[in-house]
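The structure file run02.cif is reproduced below (mmCIF, C-alpha atoms).
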```
data_start
loop_
_atom_site.label_atom_id
_atom_site.label_comp_id
_atom_site.auth_asym_id
_atom_site.auth_seq_id
_atom_site.Cartn_x
_atom_site.Cartn_y
_atom_site.Cartn_z
CA MET B 1 114.46 140.29 78.58
CA ALA B 2 115.52 137.06 80.27
CA THR B 3 116.10 138.92 83.55
CA LYS B 4 112.73 140.63 83.32
CA ARG B 5 110.99 137.33 82.56
CA LEU B 6 112.64 135.67 85.57
CA ALA B 7 111.65 138.59 87.79
CA ARG B 8 108.06 138.31 86.59
CA GLN B 9 108.00 134.56 87.28
CA LEU B 10 109.19 135.20 90.82
CA GLY B 11 106.49 137.80 91.37
CA LEU B 12 108.93 140.71 91.63
CA ILE B 13 107.21 142.62 88.81
CA ARG B 14 103.55 143.40 89.39
CA ARG B 15 101.23 143.71 86.39
CA LYS B 16 98.18 144.73 88.37
CA SER B 17 97.72 146.03 91.87
CA ILE B 18 95.41 143.75 93.83
CA ALA B 19 94.94 144.62 97.49
CA PRO B 20 94.23 141.80 99.95
CA ALA B 21 91.04 142.09 101.98
CA ASN B 22 93.10 142.61 105.14
CA GLY B 23 95.26 145.32 103.62
CA ASN B 24 98.49 143.39 104.12
CA LEU B 25 99.87 143.94 100.62
CA GLY B 26 103.60 144.58 100.80
CA ARG B 27 103.99 143.50 104.42
CA SER B 28 106.20 140.65 105.51
CA LYS B 29 104.56 137.25 105.49
CA SER B 30 102.32 136.31 108.41
CA LYS B 31 103.06 133.46 110.80
CA GLN B 32 101.70 130.35 109.14
CA LEU B 33 99.75 127.56 110.78
CA PHE B 34 101.46 125.04 108.52
CA ASP B 35 105.22 124.70 108.11
CA TYR B 36 104.81 122.80 104.85
CA LEU B 37 102.22 122.59 102.09
CA ILE B 38 101.92 119.71 99.62
CA VAL B 39 100.38 120.92 96.38
CA ILE B 40 98.54 118.40 94.21
CA ASP B 41 97.06 118.87 90.74
CA PHE B 42 95.82 115.73 88.99
CA GLU B 43 95.36 115.25 85.27
CA SER B 44 92.59 112.86 84.30
CA THR B 45 90.97 111.24 81.30
CA CYS B 46 88.75 113.69 79.43
CA TRP B 47 86.75 113.98 76.26
CA ASN B 48 85.31 116.65 74.00
CA ASP B 49 82.63 114.64 72.24
CA GLY B 50 79.57 116.25 73.81
CA LYS B 51 78.78 113.14 75.87
CA ARG B 52 78.62 112.98 79.64
CA HIS B 53 81.37 110.81 81.10
CA HIS B 54 80.96 109.92 84.78
CA SER B 55 84.17 108.04 85.34
CA GLN B 56 87.21 110.24 84.89
CA GLU B 57 90.42 108.50 85.94
CA ILE B 58 93.68 110.03 87.14
CA ILE B 59 96.45 109.71 84.56
CA GLU B 60 99.07 111.97 86.18
CA PHE B 61 99.59 112.12 89.94
CA PRO B 62 101.99 114.96 90.89
CA ALA B 63 102.81 116.60 94.22
CA VAL B 64 105.29 119.25 95.35
CA LEU B 65 106.39 120.04 98.91
CA LEU B 66 106.52 123.79 99.66
CA ASN B 67 108.34 125.22 102.68
CA THR B 68 106.14 128.10 103.91
CA SER B 69 109.09 129.82 105.59
CA THR B 70 111.41 129.93 102.59
CA GLY B 71 109.15 129.48 99.57
CA GLN B 72 111.37 126.66 98.35
CA ILE B 73 110.01 123.47 96.77
CA GLU B 74 111.98 120.88 98.72
CA SER B 75 110.69 117.66 97.18
CA GLU B 76 108.54 116.47 94.28
CA PHE B 77 106.58 113.38 93.34
CA GLN B 78 105.22 112.41 89.93
CA ALA B 79 103.72 109.24 88.52
CA TYR B 80 101.80 108.45 85.35
CA VAL B 81 98.76 106.33 86.07
CA GLN B 82 97.31 103.61 83.87
CA PRO B 83 93.54 104.11 83.43
CA GLN B 84 91.54 100.89 83.80
CA GLU B 85 88.00 101.92 82.83
CA HIS B 86 88.96 103.88 79.71
CA PRO B 87 92.50 102.70 78.86
CA ILE B 88 92.68 104.54 75.51
CA LEU B 89 93.17 108.30 75.83
CA SER B 90 91.12 110.58 73.61
CA GLU B 91 92.90 112.83 71.13
CA PHE B 92 91.47 115.78 73.04
CA CYS B 93 92.97 114.52 76.29
CA MET B 94 96.43 113.99 74.81
CA GLU B 95 96.40 117.40 73.16
CA LEU B 96 95.19 119.15 76.33
CA THR B 97 97.55 117.49 78.82
CA GLY B 98 100.51 116.62 76.62
CA ILE B 99 100.37 113.08 78.03
CA LYS B 100 100.92 110.38 75.42
CA GLN B 101 99.27 106.98 75.24
CA ALA B 102 102.62 105.28 75.74
CA GLN B 103 103.16 107.15 79.02
CA VAL B 104 99.98 105.83 80.61
CA ASP B 105 100.50 102.37 79.09
CA GLU B 106 103.84 102.28 80.89
CA GLY B 107 102.33 103.79 84.03
CA VAL B 108 100.96 101.98 87.09
CA PRO B 109 97.38 101.37 88.26
CA LEU B 110 96.06 103.90 90.78
CA LYS B 111 96.38 101.36 93.60
CA ILE B 112 100.13 101.05 93.01
CA CYS B 113 100.47 104.79 92.48
CA LEU B 114 98.91 105.46 95.88
CA SER B 115 101.40 103.05 97.42
CA GLN B 116 104.30 104.87 95.73
CA PHE B 117 102.92 108.23 96.82
CA CYS B 118 102.63 107.02 100.41
CA LYS B 119 106.24 105.86 100.35
CA TRP B 120 107.22 109.39 99.30
CA ILE B 121 105.07 110.85 102.08
CA HIS B 122 106.65 108.48 104.59
CA LYS B 123 110.13 109.51 103.45
CA ILE B 124 109.54 113.26 103.79
CA GLN B 125 107.81 112.73 107.14
CA GLN B 126 110.88 110.99 108.46
CA GLN B 127 113.25 113.55 106.98
CA LYS B 128 111.37 116.67 108.09
CA ASN B 129 109.39 115.47 111.14
CA ILE B 130 106.06 116.28 109.47
CA ILE B 131 102.55 115.42 110.64
CA PHE B 132 99.17 116.16 109.07
CA ALA B 133 96.48 117.88 111.09
CA THR B 134 93.09 119.52 110.68
CA GLY B 135 91.35 121.94 113.00
CA VAL B 136 94.61 123.81 113.63
CA SER B 137 94.15 127.34 114.98
CA GLU B 138 97.68 128.15 116.16
CA PRO B 139 101.17 127.46 114.77
CA SER B 140 102.99 124.46 116.19
CA THR B 141 105.27 125.27 119.12
CA SER B 142 107.03 121.90 119.14
CA GLU B 143 109.71 120.45 116.89
CA VAL B 144 106.99 118.70 114.91
CA LYS B 145 106.21 120.38 111.59
CA LEU B 146 102.56 120.71 110.56
CA CYS B 147 101.67 120.05 106.94
CA ALA B 148 98.52 120.41 104.81
CA PHE B 149 97.53 119.61 101.25
CA VAL B 150 96.69 122.33 98.74
CA THR B 151 94.69 122.06 95.52
CA TRP B 152 93.30 124.53 93.03
CA SER B 153 89.57 123.95 93.77
CA ASP B 154 87.98 120.98 95.53
CA TRP B 155 87.88 118.82 92.40
CA ASP B 156 91.17 116.94 92.80
CA LEU B 157 90.64 115.47 96.27
CA GLY B 158 86.92 116.06 96.79
CA VAL B 159 85.71 114.64 93.48
CA CYS B 160 88.32 113.00 91.25
CA LEU B 161 90.31 110.87 93.72
CA GLU B 162 87.37 110.39 96.11
CA TYR B 163 85.03 108.85 93.55
CA GLU B 164 87.67 106.89 91.67
CA CYS B 165 88.71 105.22 94.93
CA LYS B 166 85.07 104.45 95.71
CA ARG B 167 84.43 102.96 92.25
CA LYS B 168 87.56 100.83 92.41
CA GLN B 169 87.18 100.02 96.13
CA LEU B 170 90.60 101.41 96.95
CA LEU B 171 91.57 102.39 100.47
CA LYS B 172 92.40 106.09 100.31
CA PRO B 173 94.94 107.48 102.82
CA VAL B 174 93.12 109.33 105.58
CA PHE B 175 95.40 112.38 105.33
CA LEU B 176 93.99 113.10 101.85
CA ASN B 177 90.58 113.86 103.38
CA SER B 178 91.41 117.49 104.23
CA TRP B 179 92.92 120.25 102.14
CA ILE B 180 93.19 123.95 101.35
CA ASP B 181 91.28 125.12 98.28
CA LEU B 182 93.65 127.81 97.02
CA ARG B 183 91.12 129.15 94.51
CA ALA B 184 88.59 129.85 97.28
CA THR B 185 91.35 131.22 99.52
CA TYR B 186 92.55 133.51 96.72
CA LYS B 187 89.03 134.85 96.14
CA LEU B 188 88.54 135.58 99.83
CA PHE B 189 91.97 137.10 100.38
CA TYR B 190 92.19 139.33 97.30
CA ARG B 191 88.41 139.93 97.04
CA ARG B 192 88.56 138.99 93.40
CA LYS B 193 87.35 135.92 91.49
CA PRO B 194 90.34 134.39 89.68
CA LYS B 195 90.14 133.49 85.99
CA GLY B 196 91.78 130.12 86.32
CA LEU B 197 95.21 129.40 87.75
CA SER B 198 97.05 131.18 84.95
CA GLY B 199 94.80 134.22 85.32
CA ALA B 200 95.32 134.30 89.08
CA LEU B 201 99.07 134.23 88.59
CA GLN B 202 98.91 137.07 86.07
CA GLU B 203 96.78 139.17 88.40
CA VAL B 204 99.51 139.11 91.05
CA GLY B 205 102.30 139.69 88.55
CA ILE B 206 103.58 136.12 88.08
CA GLU B 207 104.03 134.48 84.68
CA PHE B 208 102.96 130.85 84.36
CA SER B 209 106.05 128.68 83.96
CA GLY B 210 105.91 125.50 81.88
CA ARG B 211 102.94 123.87 80.18
CA GLU B 212 99.38 124.47 81.34
CA HIS B 213 97.51 121.23 82.13
CA SER B 214 100.73 119.44 82.88
CA GLY B 215 100.03 118.18 86.39
CA LEU B 216 103.55 118.75 87.68
CA ASP B 217 103.84 122.21 86.11
CA ASP B 218 100.39 123.16 87.45
CA SER B 219 101.45 121.98 90.92
CA ARG B 220 104.66 124.01 90.79
CA ASN B 221 102.80 127.12 89.68
CA THR B 222 100.12 126.65 92.34
CA ALA B 223 102.91 126.44 94.92
CA LEU B 224 104.39 129.64 93.50
CA LEU B 225 101.02 131.38 93.85
CA ALA B 226 100.62 130.07 97.42
CA TRP B 227 104.04 131.49 98.31
CA LYS B 228 103.11 134.85 96.78
CA MET B 229 99.90 134.91 98.85
CA ILE B 230 101.85 134.02 102.00
CA ARG B 231 104.24 136.90 101.31
CA ASP B 232 101.23 139.19 100.95
CA GLY B 233 100.02 138.16 104.40
CA CYS B 234 97.58 135.33 103.70
CA VAL B 235 97.44 132.66 106.43
CA MET B 236 96.69 129.28 104.85
CA LYS B 237 93.87 127.38 106.55
CA ILE B 238 92.02 124.14 105.83
CA THR B 239 88.92 124.93 103.76
CA ARG B 240 87.46 121.46 103.20
CA SER B 241 87.46 118.20 105.13
CA LEU B 242 85.71 114.92 104.44
CA ASN B 243 86.27 113.92 108.07
CA LYS B 244 83.43 114.57 110.50
CA GLY B 245 85.81 116.09 113.01
CA PRO B 246 89.44 117.21 113.38
CA PHE B 247 91.85 114.37 112.74
CA LEU B 248 95.53 114.24 113.58
CA LEU B 249 97.61 111.43 112.12
CA PRO B 250 99.61 110.40 115.20
CA SER B 251 103.31 109.64 115.20
CA TRP B 252 102.84 106.00 116.16
CA THR B 253 101.23 105.26 112.80
CA TRP B 254 104.74 105.54 111.38
CA ASN B 255 106.41 103.49 114.11
CA SER B 256 104.76 100.23 115.07
CA ASP B 257 107.40 99.69 117.78
CA LEU B 258 105.84 102.35 120.01
CA ALA B 259 103.98 101.16 123.07
CA SER B 260 100.37 100.15 122.59
CA GLY B 261 99.50 102.52 125.45
CA ASP B 262 100.19 105.45 123.11
CA GLN B 263 97.66 104.06 120.68
CA HIS B 264 95.13 103.53 123.49
CA ALA B 265 95.57 107.10 124.74
CA PHE B 266 95.12 108.53 121.24
CA LEU B 267 91.92 106.56 120.60
CA GLN B 268 90.56 107.51 124.02
CA GLN B 269 91.26 111.20 123.41
CA GLU B 270 90.01 111.37 119.83
CA PHE B 271 87.11 108.93 119.85
CA GLY B 272 86.24 108.25 123.50
CA CYS B 273 87.15 104.57 123.44
CA GLY B 274 90.39 102.71 123.91
CA THR B 275 90.41 99.99 121.24
CA TYR B 276 89.74 99.68 117.53
CA ARG B 277 87.26 96.88 118.19
CA THR B 278 85.16 99.11 120.47
CA LEU B 279 85.41 102.00 118.03
CA LEU B 280 84.18 99.97 115.07
CA ARG B 281 81.10 98.94 117.08
CA LYS B 282 80.01 102.52 117.64
CA PRO B 283 76.72 103.10 115.75
CA ASN B 284 77.60 106.60 114.52
CA ILE B 285 80.78 105.57 112.69
CA SER B 286 80.46 106.12 108.92
CA LYS B 287 81.79 103.79 106.23
CA GLN B 288 84.55 106.27 105.41
CA GLU B 289 85.56 106.48 109.08
CA LYS B 290 85.58 102.69 109.34
CA GLY B 291 87.91 102.62 106.35
CA ASN B 292 90.22 105.08 108.11
CA ILE B 293 90.13 102.98 111.28
CA LEU B 294 90.90 99.83 109.29
CA TRP B 295 93.80 101.65 107.68
CA LEU B 296 95.22 102.63 111.08
CA THR B 297 94.61 99.14 112.46
CA MET B 298 96.63 97.48 109.73
CA LEU B 299 99.35 100.09 109.92
CA SER B 300 99.85 99.62 113.64
CA LYS B 301 100.58 95.91 113.27
CA PRO B 302 104.33 95.15 113.28
CA GLN B 303 104.09 92.73 110.35
CA LYS B 304 102.51 95.38 108.16
CA ASN B 305 104.14 98.35 106.51
CA TYR B 306 102.72 101.41 104.79
CA SER B 307 102.74 99.94 101.27
CA ASP B 308 101.08 96.72 102.45
CA CYS B 309 98.22 98.74 103.88
CA MET B 310 97.75 100.75 100.71
CA LEU B 311 97.40 97.57 98.65
CA ASN B 312 94.40 96.43 100.69
CA THR B 313 90.89 97.42 99.65
CA VAL B 314 87.70 98.25 101.49
CA SER B 315 84.55 96.35 100.60
#
```
Kindly transcribe the structure held in the file into structure tokens.
Amino acid sequence: MATKRLARQLGLIRRKSIAPANGNLGRSKSKQLFDYLIVIDFESTCWNDGKRHHSQEIIEFPAVLLNTSTGQIESEFQAYVQPQEHPILSEFCMELTGIKQAQVDEGVPLKICLSQFCKWIHKIQQQKNIIFATGVSEPSTSEVKLCAFVTWSDWDLGVCLEYECKRKQLLKPVFLNSWIDLRATYKLFYRRKPKGLSGALQEVGIEFSGREHSGLDDSRNTALLAWKMIRDGCVMKITRSLNKGPFLLPSWTWNSDLASGDQHAFLQQEFGCGTYRTLLRKPNISKQEKGNILWLTMLSKPQKNYSDCMLNTVS
């Protein structure tokens, strides 16, 4: 039984036969645009009292790094976050997520959590030569590894983090503005509407491992589903971006010692002007884009580091 359960968790035993829209079921995995995927699944404050609550706050911030060539999870991040607007968790929330009041009390505010997360991102970028990109249509041919974020629906990055950062005037990392909605990708690829993450896993013959509504367990299982879809021939592509156009986080943002000419060339290519000052004066630059520019400006200064930038806020 233990062997059968393990085989089911790895997707080696199929409960139902679901054919992809492109008929690739059973074929070797397709060439992926992204070498790595970072899967995120937040847990937030929640209630079951019949009232409308407009200010959900993240209380668990997990992420797992999936290698799209091997299917291995090569690194993980997890932090419990201290809610500021509603510091006391509801009984419903604790029962649903398994997160205890003491865990969030001992956690860190979202601002500090973002700084810790960015340190983790910086570390894996240095270790694996990763960059984040949108608007990618072909796999990378260089030694640089392309990476994208994955969520189950647009809620995590498009709603939860986006509006909490706006309410608290926190500067959100620009690379969190684009992601792959795996739920939408699943529906398009298999031509079937999934019944939640657990249901989607079951439909492709994988048993959910761990506790549902645990952010880290949900992230691991979402990564497992993404790997299964890749093996079935699904090519992962960005489905949602809050940026107005394609944005590539350049290598010099991680190395302030690089020549300023590299920065000038990047700005000229991407935005049609050579300095941050000129760029900020452009009339069609949105508030979000100005925040991204400010973030890059601070990061490019030698006296600043990644964590310093994340602790600044946008008015």
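Ranking B:Ile59, B:Ser140, B:Leu96, B:Gln125 by their shortest atom-to-atom distance to B:Val108, with only C-alpha atoms included, puts B:Ile59 first.
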Quiz item: If we count all atoms listed in the file, what is near B:Gln127 at a cut-off of 12 Å, once residues fewer than 4 positions away on the same chain are taken out, given as a list in words?
Solution: Glu74, Ser75, Trp120, Ile121, His122, Lys123, Ile131, Val144 and Lys145 of chain B
Quiz item: By how many Å are atom CA of B:Ile206 and atom CA of B:Arg240 apart?
Solution: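 Value for the atom CA of B:Ile206-atom CA of B:Arg240 distance: 26.5 Å.
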Quiz item: What is the distance, in Å and to one decimal place, between atom CA of B:Lys31 and atom CA of B:Pro139?
Solution: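 Between these atoms lies a distance of 7.4 Å.
Checking B:Val81, B:Cys147, B:Cys93, B:Ile130 one by one against B:Gln116, counting all atoms listed in the file, you find the shortest gap at B:Val81.
Reported to one decimal place, the separation of atom CA of B:Ser115 from atom CA of B:Tyr163 is 17.8 Å.
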